[in-house]
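Asks: Pasting data17.pdb here (PDB, C-alpha atoms and all ligand atoms):
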```
ATOM      1  CA  MET A 240      14.873   2.129  11.077  1.00  0.00           C
ATOM      2  CA  ASP A 241      17.903   3.609   9.266  1.00  0.00           C
ATOM      3  CA  ALA A 242      17.956   3.944   5.498  1.00  0.00           C
ATOM      4  CA  ASP A 243      20.326   1.029   4.754  1.00  0.00           C
ATOM      5  CA  LYS A 244      18.446  -1.347   7.022  1.00  0.00           C
ATOM      6  CA  LYS A 245      15.148  -0.331   5.429  1.00  0.00           C
ATOM      7  CA  ARG A 246      16.448  -0.808   1.865  1.00  0.00           C
ATOM      8  CA  GLY A 247      17.970  -4.159   2.819  1.00  0.00           C
ATOM      9  CA  ARG A 248      14.730  -5.381   4.309  1.00  0.00           C
ATOM     10  CA  TYR A 249      12.705  -4.317   1.264  1.00  0.00           C
ATOM     11  CA  GLN A 250      15.244  -5.968  -1.020  1.00  0.00           C
ATOM     12  CA  ARG A 251      14.944  -9.289   0.823  1.00  0.00           C
ATOM     13  CA  ILE A 252      11.145  -9.081   0.695  1.00  0.00           C
ATOM     14  CA  ARG A 253      11.321  -8.388  -3.051  1.00  0.00           C
ATOM     15  CA  GLU A 254      13.642 -11.344  -3.594  1.00  0.00           C
ATOM     16  CA  GLN A 255      11.366 -13.639  -1.628  1.00  0.00           C
ATOM     17  CA  LEU A 256       8.292 -12.414  -3.517  1.00  0.00           C
ATOM     18  CA  THR A 257      10.044 -12.920  -6.850  1.00  0.00           C
ATOM     19  CA  GLU A 258      10.601 -16.568  -5.871  1.00  0.00           C
ATOM     20  CA  VAL A 259       7.064 -17.272  -4.676  1.00  0.00           C
ATOM     21  CA  LEU A 260       4.906 -15.220  -7.060  1.00  0.00           C
ATOM     22  CA  ASN A 261       5.277 -17.532 -10.060  1.00  0.00           C
ATOM     23  CA  VAL A 262       2.648 -20.087  -9.057  1.00  0.00           C
ATOM     24  CA  THR A 263      -0.375 -18.323 -10.543  1.00  0.00           C
ATOM     25  CA  GLU A 264      -1.267 -15.265 -12.601  1.00  0.00           C
ATOM     26  CA  ASP A 265      -4.260 -14.593 -10.345  1.00  0.00           C
ATOM     27  CA  PRO A 266      -3.834 -11.023  -9.019  1.00  0.00           C
ATOM     28  CA  ILE A 267      -5.772 -11.615  -5.792  1.00  0.00           C
ATOM     29  CA  ALA A 268      -3.590 -14.573  -4.817  1.00  0.00           C
ATOM     30  CA  LYS A 269      -0.520 -12.456  -5.567  1.00  0.00           C
ATOM     31  CA  MET A 270      -1.861  -9.486  -3.582  1.00  0.00           C
ATOM     32  CA  ALA A 271      -2.640 -11.714  -0.589  1.00  0.00           C
ATOM     33  CA  THR A 272       0.886 -13.158  -0.639  1.00  0.00           C
ATOM     34  CA  MET A 273       2.456  -9.704  -0.916  1.00  0.00           C
ATOM     35  CA  VAL A 274       0.402  -8.222   1.912  1.00  0.00           C
ATOM     36  CA  GLY A 275       1.078 -11.190   4.210  1.00  0.00           C
ATOM     37  CA  LEU A 276       4.831 -10.908   3.763  1.00  0.00           C
ATOM     38  CA  LEU A 277       5.046  -7.105   3.964  1.00  0.00           C
ATOM     39  CA  HIS A 278       2.813  -6.825   7.009  1.00  0.00           C
ATOM     40  CA  HIS A 279       4.783  -9.312   9.063  1.00  0.00           C
ATOM     41  CA  LYS A 280       8.283  -8.272   7.965  1.00  0.00           C
ATOM     42  CA  MET A 281       7.872  -4.494   8.299  1.00  0.00           C
ATOM     43  CA  ASP A 282       7.310  -3.743  11.972  1.00  0.00           C
ATOM     44  CA  TYR A 283       5.880  -0.242  11.461  1.00  0.00           C
ATOM     45  CA  PHE A 284       3.124  -1.467   9.094  1.00  0.00           C
ATOM     46  CA  PHE A 285      -0.038  -1.221  11.209  1.00  0.00           C
ATOM     47  CA  TRP A 286      -2.522  -1.911   8.396  1.00  0.00           C
ATOM     48  CA  THR A 287      -1.453  -3.226   4.993  1.00  0.00           C
ATOM     49  CA  GLY A 288      -3.822  -3.854   2.130  1.00  0.00           C
ATOM     50  CA  PHE A 289      -5.016  -3.376  -1.411  1.00  0.00           C
ATOM     51  CA  TYR A 290      -8.001  -1.510  -2.768  1.00  0.00           C
ATOM     52  CA  ARG A 291      -8.995  -2.592  -6.286  1.00  0.00           C
ATOM     53  CA  LEU A 292     -10.445  -0.218  -8.837  1.00  0.00           C
ATOM     54  CA  VAL A 293     -13.618  -1.971  -9.996  1.00  0.00           C
ATOM     55  CA  GLU A 294     -16.149  -0.097 -12.162  1.00  0.00           C
ATOM     56  CA  ARG A 295     -14.849   3.259 -10.866  1.00  0.00           C
ATOM     57  CA  GLN A 296     -15.122   2.137  -7.241  1.00  0.00           C
ATOM     58  CA  LEU A 297     -12.212   1.463  -4.868  1.00  0.00           C
ATOM     59  CA  LEU A 298     -13.129  -1.837  -3.232  1.00  0.00           C
ATOM     60  CA  LEU A 299     -11.275  -3.564  -0.406  1.00  0.00           C
ATOM     61  CA  GLY A 300      -8.920  -6.347  -1.507  1.00  0.00           C
ATOM     62  CA  PRO A 301      -6.554  -8.627   0.433  1.00  0.00           C
ATOM     63  CA  TYR A 302      -5.337  -7.016   3.658  1.00  0.00           C
ATOM     64  CA  GLN A 303      -3.802  -7.614   7.070  1.00  0.00           C
ATOM     65  CA  GLY A 304      -4.988  -5.614  10.059  1.00  0.00           C
ATOM     66  CA  LEU A 305      -8.278  -4.681  11.629  1.00  0.00           C
ATOM     67  CA  LEU A 306     -11.562  -4.212   9.758  1.00  0.00           C
ATOM     68  CA  ALA A 307     -11.418  -1.530   7.076  1.00  0.00           C
ATOM     69  CA  CYS A 308     -13.863   0.380   4.867  1.00  0.00           C
ATOM     70  CA  GLN A 309     -15.003  -1.835   1.983  1.00  0.00           C
ATOM     71  CA  ASN A 310     -15.859   0.872  -0.540  1.00  0.00           C
ATOM     72  CA  LEU A 311     -14.029   4.212  -0.332  1.00  0.00           C
ATOM     73  CA  PRO A 312     -16.213   7.284  -1.010  1.00  0.00           C
ATOM     74  CA  LYS A 313     -15.417   8.489  -4.529  1.00  0.00           C
ATOM     75  CA  ASP A 314     -12.654  11.097  -4.898  1.00  0.00           C
ATOM     76  CA  GLN A 315     -12.112  11.432  -1.147  1.00  0.00           C
ATOM     77  CA  GLY A 316      -9.106  10.454   0.930  1.00  0.00           C
ATOM     78  CA  VAL A 317      -5.566   9.377   0.196  1.00  0.00           C
ATOM     79  CA  CYS A 318      -6.315   6.280  -1.904  1.00  0.00           C
ATOM     80  CA  TRP A 319      -8.462   8.217  -4.367  1.00  0.00           C
ATOM     81  CA  ALA A 320      -5.835  10.983  -4.463  1.00  0.00           C
ATOM     82  CA  ALA A 321      -3.230   8.397  -5.542  1.00  0.00           C
ATOM     83  CA  VAL A 322      -5.579   7.141  -8.275  1.00  0.00           C
ATOM     84  CA  ASN A 323      -6.526  10.606  -9.518  1.00  0.00           C
ATOM     85  CA  ARG A 324      -2.959  11.994  -9.438  1.00  0.00           C
ATOM     86  CA  LYS A 325      -1.539   8.692 -10.743  1.00  0.00           C
ATOM     87  CA  GLU A 326       1.295   8.881  -8.215  1.00  0.00           C
ATOM     88  CA  THR A 327       2.405   7.578  -4.838  1.00  0.00           C
ATOM     89  CA  MET A 328       1.112   9.600  -1.886  1.00  0.00           C
ATOM     90  CA  VAL A 329       3.234   9.859   1.271  1.00  0.00           C
ATOM     91  CA  VAL A 330       1.217  11.411   4.110  1.00  0.00           C
ATOM     92  CA  PRO A 331       3.337  12.173   7.222  1.00  0.00           C
ATOM     93  CA  ASN A 332       0.302  13.230   9.298  1.00  0.00           C
ATOM     94  CA  VAL A 333      -3.131  12.038   8.173  1.00  0.00           C
ATOM     95  CA  HIS A 334      -4.843  14.696  10.304  1.00  0.00           C
ATOM     96  CA  GLU A 335      -3.368  17.343   8.024  1.00  0.00           C
ATOM     97  CA  PHE A 336      -4.667  15.657   4.849  1.00  0.00           C
ATOM     98  CA  LYS A 337      -8.011  17.172   3.938  1.00  0.00           C
ATOM     99  CA  GLY A 338     -10.617  14.453   3.374  1.00  0.00           C
ATOM    100  CA  HIS A 339      -8.540  11.629   4.857  1.00  0.00           C
ATOM    101  CA  ILE A 340     -10.752   8.584   5.490  1.00  0.00           C
ATOM    102  CA  ALA A 341     -10.073   7.174   8.951  1.00  0.00           C
ATOM    103  CA  CYS A 342     -10.888   3.470   9.133  1.00  0.00           C
ATOM    104  CA  ASP A 343      -9.062   3.300  12.479  1.00  0.00           C
ATOM    105  CA  ALA A 344      -8.612   6.337  14.751  1.00  0.00           C
ATOM    106  CA  ARG A 345      -5.124   5.176  15.743  1.00  0.00           C
ATOM    107  CA  VAL A 346      -3.677   5.698  12.256  1.00  0.00           C
ATOM    108  CA  LYS A 347      -1.308   8.678  12.088  1.00  0.00           C
ATOM    109  CA  SER A 348       0.621   8.363   8.814  1.00  0.00           C
ATOM    110  CA  GLU A 349       0.046   6.602   5.535  1.00  0.00           C
ATOM    111  CA  ILE A 350       1.484   5.721   2.122  1.00  0.00           C
ATOM    112  CA  VAL A 351      -0.553   4.768  -0.949  1.00  0.00           C
ATOM    113  CA  VAL A 352       1.114   3.306  -4.049  1.00  0.00           C
ATOM    114  CA  PRO A 353      -0.781   2.930  -7.339  1.00  0.00           C
ATOM    115  CA  CYS A 354      -0.530  -0.422  -9.168  1.00  0.00           C
ATOM    116  CA  LYS A 355      -0.338   0.045 -12.940  1.00  0.00           C
ATOM    117  CA  ASN A 356      -0.814  -2.478 -15.740  1.00  0.00           C
ATOM    118  CA  LYS A 357       1.431  -2.705 -18.812  1.00  0.00           C
ATOM    119  CA  LYS A 358      -0.513   0.126 -20.442  1.00  0.00           C
ATOM    120  CA  GLY A 359       0.090   2.349 -17.396  1.00  0.00           C
ATOM    121  CA  GLU A 360      -3.556   2.145 -16.262  1.00  0.00           C
ATOM    122  CA  ILE A 361      -4.196   1.969 -12.517  1.00  0.00           C
ATOM    123  CA  TYR A 362      -6.093  -1.151 -11.434  1.00  0.00           C
ATOM    124  CA  ALA A 363      -5.469  -1.060  -7.652  1.00  0.00           C
ATOM    125  CA  VAL A 364      -3.590   0.728  -4.882  1.00  0.00           C
ATOM    126  CA  LEU A 365      -1.468  -0.616  -2.046  1.00  0.00           C
ATOM    127  CA  ASP A 366      -2.324   1.259   1.160  1.00  0.00           C
ATOM    128  CA  VAL A 367      -0.107   1.047   4.250  1.00  0.00           C
ATOM    129  CA  ASP A 368      -0.979   2.786   7.522  1.00  0.00           C
ATOM    130  CA  SER A 369       1.150   3.400  10.589  1.00  0.00           C
ATOM    131  CA  ASP A 370       0.097   4.277  14.125  1.00  0.00           C
ATOM    132  CA  LYS A 371       3.053   6.688  14.349  1.00  0.00           C
ATOM    133  CA  LEU A 372       3.604  10.035  12.664  1.00  0.00           C
ATOM    134  CA  ASN A 373       5.990  10.341   9.725  1.00  0.00           C
ATOM    135  CA  SER A 374       6.612   6.601   9.227  1.00  0.00           C
ATOM    136  CA  PHE A 375       7.051   6.645   5.445  1.00  0.00           C
ATOM    137  CA  ASP A 376       9.592   8.354   3.210  1.00  0.00           C
ATOM    138  CA  GLU A 377      11.061   8.250  -0.290  1.00  0.00           C
ATOM    139  CA  ILE A 378      12.624   4.837   0.376  1.00  0.00           C
ATOM    140  CA  ASP A 379       9.246   3.293   1.210  1.00  0.00           C
ATOM    141  CA  ALA A 380       7.776   4.929  -1.899  1.00  0.00           C
ATOM    142  CA  GLU A 381      10.529   3.687  -4.244  1.00  0.00           C
ATOM    143  CA  GLU A 382      10.719   0.198  -2.778  1.00  0.00           C
ATOM    144  CA  LEU A 383       6.950  -0.358  -2.586  1.00  0.00           C
ATOM    145  CA  GLU A 384       6.637   0.810  -6.211  1.00  0.00           C
ATOM    146  CA  LYS A 385       9.182  -1.870  -7.196  1.00  0.00           C
ATOM    147  CA  ILE A 386       7.291  -4.454  -5.138  1.00  0.00           C
ATOM    148  CA  VAL A 387       3.836  -3.763  -6.615  1.00  0.00           C
ATOM    149  CA  ALA A 388       5.396  -3.968 -10.073  1.00  0.00           C
ATOM    150  CA  LEU A 389       5.790  -7.725  -9.361  1.00  0.00           C
ATOM    151  CA  LEU A 390       2.007  -8.220  -9.453  1.00  0.00           C
TER
HETATM  152  N1  LIG B 401      -7.084   6.142   4.754  1.00  0.00           N
HETATM  153  C1  LIG B 401      -7.509   5.707   3.462  1.00  0.00           C
HETATM  154  C2  LIG B 401      -8.706   4.784   3.561  1.00  0.00           C
HETATM  155  C3  LIG B 401      -8.360   3.334   3.715  1.00  0.00           C
HETATM  156  S1  LIG B 401      -7.917   2.880   5.282  1.00  0.00           S
HETATM  157  O1  LIG B 401      -6.724   3.642   5.681  1.00  0.00           O
HETATM  158  C4  LIG B 401      -7.600   1.265   5.391  1.00  0.00           C
HETATM  159  C5  LIG B 401      -7.840   6.913   2.598  1.00  0.00           C
HETATM  160  O2  LIG B 401      -7.873   8.044   3.106  1.00  0.00           O
HETATM  161  O3  LIG B 401      -8.059   6.733   1.410  1.00  0.00           O
END
```
Hey, can you dump this file as structure tokens for me?
Ligand code: SME
Replies:
Amino acid sequence: MDADKKRGRYQRIREQLTEVLNVTEDPIAKMATMVGLLHHKMDYFFWTGFYRLVERQLLLGPYQGLLACQNLPKDQGVCWAAVNRKETMVVPNVHEFKGHIACDARVKSEIVVPCKNKKGEIYAVLDVDSDKLNSFDEIDAEELEKIVALL
């Protein structure tokens, strides 16, 4: 997908989410809505879901895709790296990321975006996997950061 098309698609998703995310303050309902829309509108999203930081564990939240690990081993993998570095992780080839946790052997690239509260504390991450190499770039990072800020 070219850059303009990608930005346009993310912008429309963000507009739609802005309209529909005012029904409740419940974060799980909002996460479920976000994941449902993203997963079905972005054709290269193979697995799309949240992990919530609960008592220093990363526990599976709302997602779309096949079964995934429910509790990610502490300080391993891409999701924990995003939490510990407090920044979005774009991984072009998961096989080159030391400690990557493979919930599905078909996954080849990944992006993980931290969700921060008003104090800047991380309370969850959005994890998106692709079954192709190099699926995510700076545009995905920027746009998904804007989207999770709607939570
Ligand atoms: N790959 C992630 C684990 C979650 S699954 O991709 C759904 C990681 O390395 O943290």
Asks: Within 6 Å of ligand LIG 401 (chain B) (counting all atoms listed in the file), which residues show up? I'd like them as a PyMOL selection string.
Replies: chain A and resi 307+316-319+339-342
Asks: Measuring atom to atom with only C-alpha atoms, identify which of A:Leu305, A:Ile350, A:Leu389, A:Leu311 is nearest to A:Asp376.
Replies: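 Closest residue, counting only C-alpha atoms: A:Ile350.
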Asks: Specify as an MDAnalysis selection string each residue included when the PyMOL selection byres (((chain A and resi 320-334) around 10) and not hetatm) is applied to this file.
Replies: chainID A and resid 292 297 313:319 335:341 346:355 359:369 371:377 379:381 383:384
Asks: Mind writing the picked residues with C-alpha atoms as a PDB file, in the coordinates of the input?
Replies:
```pdb
ATOM      1  CA  LEU A 292     -10.445  -0.218  -8.837  1.00  0.00           C
ATOM      2  CA  LEU A 297     -12.212   1.463  -4.868  1.00  0.00           C
ATOM      3  CA  LYS A 313     -15.417   8.489  -4.529  1.00  0.00           C
ATOM      4  CA  ASP A 314     -12.654  11.097  -4.898  1.00  0.00           C
ATOM      5  CA  GLN A 315     -12.112  11.432  -1.147  1.00  0.00           C
ATOM      6  CA  GLY A 316      -9.106  10.454   0.930  1.00  0.00           C
ATOM      7  CA  VAL A 317      -5.566   9.377   0.196  1.00  0.00           C
ATOM      8  CA  CYS A 318      -6.315   6.280  -1.904  1.00  0.00           C
ATOM      9  CA  TRP A 319      -8.462   8.217  -4.367  1.00  0.00           C
ATOM     10  CA  GLU A 335      -3.368  17.343   8.024  1.00  0.00           C
ATOM     11  CA  PHE A 336      -4.667  15.657   4.849  1.00  0.00           C
ATOM     12  CA  LYS A 337      -8.011  17.172   3.938  1.00  0.00           C
ATOM     13  CA  GLY A 338     -10.617  14.453   3.374  1.00  0.00           C
ATOM     14  CA  HIS A 339      -8.540  11.629   4.857  1.00  0.00           C
ATOM     15  CA  ILE A 340     -10.752   8.584   5.490  1.00  0.00           C
ATOM     16  CA  ALA A 341     -10.073   7.174   8.951  1.00  0.00           C
ATOM     17  CA  VAL A 346      -3.677   5.698  12.256  1.00  0.00           C
ATOM     18  CA  LYS A 347      -1.308   8.678  12.088  1.00  0.00           C
ATOM     19  CA  SER A 348       0.621   8.363   8.814  1.00  0.00           C
ATOM     20  CA  GLU A 349       0.046   6.602   5.535  1.00  0.00           C
ATOM     21  CA  ILE A 350       1.484   5.721   2.122  1.00  0.00           C
ATOM     22  CA  VAL A 351      -0.553   4.768  -0.949  1.00  0.00           C
ATOM     23  CA  VAL A 352       1.114   3.306  -4.049  1.00  0.00           C
ATOM     24  CA  PRO A 353      -0.781   2.930  -7.339  1.00  0.00           C
ATOM     25  CA  CYS A 354      -0.530  -0.422  -9.168  1.00  0.00           C
ATOM     26  CA  LYS A 355      -0.338   0.045 -12.940  1.00  0.00           C
ATOM     27  CA  GLY A 359       0.090   2.349 -17.396  1.00  0.00           C
ATOM     28  CA  GLU A 360      -3.556   2.145 -16.262  1.00  0.00           C
ATOM     29  CA  ILE A 361      -4.196   1.969 -12.517  1.00  0.00           C
ATOM     30  CA  TYR A 362      -6.093  -1.151 -11.434  1.00  0.00           C
ATOM     31  CA  ALA A 363      -5.469  -1.060  -7.652  1.00  0.00           C
ATOM     32  CA  VAL A 364      -3.590   0.728  -4.882  1.00  0.00           C
ATOM     33  CA  LEU A 365      -1.468  -0.616  -2.046  1.00  0.00           C
ATOM     34  CA  ASP A 366      -2.324   1.259   1.160  1.00  0.00           C
ATOM     35  CA  VAL A 367      -0.107   1.047   4.250  1.00  0.00           C
ATOM     36  CA  ASP A 368      -0.979   2.786   7.522  1.00  0.00           C
ATOM     37  CA  SER A 369       1.150   3.400  10.589  1.00  0.00           C
ATOM     38  CA  LYS A 371       3.053   6.688  14.349  1.00  0.00           C
ATOM     39  CA  LEU A 372       3.604  10.035  12.664  1.00  0.00           C
ATOM     40  CA  ASN A 373       5.990  10.341   9.725  1.00  0.00           C
ATOM     41  CA  SER A 374       6.612   6.601   9.227  1.00  0.00           C
ATOM     42  CA  PHE A 375       7.051   6.645   5.445  1.00  0.00           C
ATOM     43  CA  ASP A 376       9.592   8.354   3.210  1.00  0.00           C
ATOM     44  CA  GLU A 377      11.061   8.250  -0.290  1.00  0.00           C
ATOM     45  CA  ASP A 379       9.246   3.293   1.210  1.00  0.00           C
ATOM     46  CA  ALA A 380       7.776   4.929  -1.899  1.00  0.00           C
ATOM     47  CA  GLU A 381      10.529   3.687  -4.244  1.00  0.00           C
ATOM     48  CA  LEU A 383       6.950  -0.358  -2.586  1.00  0.00           C
ATOM     49  CA  GLU A 384       6.637   0.810  -6.211  1.00  0.00           C
TER      50      GLU A 384
END
```
Asks: Determine the nearest neighbour of A:Ile386 from the options A:Ile252, A:Val262, A:Ile267, A:Leu306, counting all atoms listed in the file.
Replies: A:Ile252
Asks: Could you state which residues are captured by the PyMOL selection byres (((chain A and resi 287) around 6) and not hetatm) in this file, as a PyMOL selection string?
Replies: chain A and resi 278+286+288+302-303+366-367
Asks: A:Met240, A:Ile378, A:Ala268, A:Leu390: which is nearest A:Tyr283, counting all atoms listed in the file?
Replies: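 Checking each candidate against A:Tyr283, we get A:Met240 as the closest.
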Asks: To test the calculation: enclose all listed atoms of stretch 282-297 of chain A in a box whose edges run along x, y and z, add 8 Å on each side, then state centre and edge lengths in Å to one decimal, as lines of an AutoDock Vina configuration file.
Replies:
```
center_x = -4.4
center_y = -0.3
center_z = -0.1
size_x = 39.5
size_y = 23.1
size_z = 40.1
```
Asks: Which protein, DNA or RNA residues are at most 10 Å from (0.9, -10.3, 2.2) in the file's coordinates when you count only C-alpha atoms, listed as a list in words?
Replies: Leu256, Ala268, Lys269, Met270, Ala271, Thr272, Met273, Val274, Gly275, Leu276, Leu277, His278, His279, Lys280, Thr287, Gly288, Phe289, Pro301, Tyr302 and Gln303 of chain A
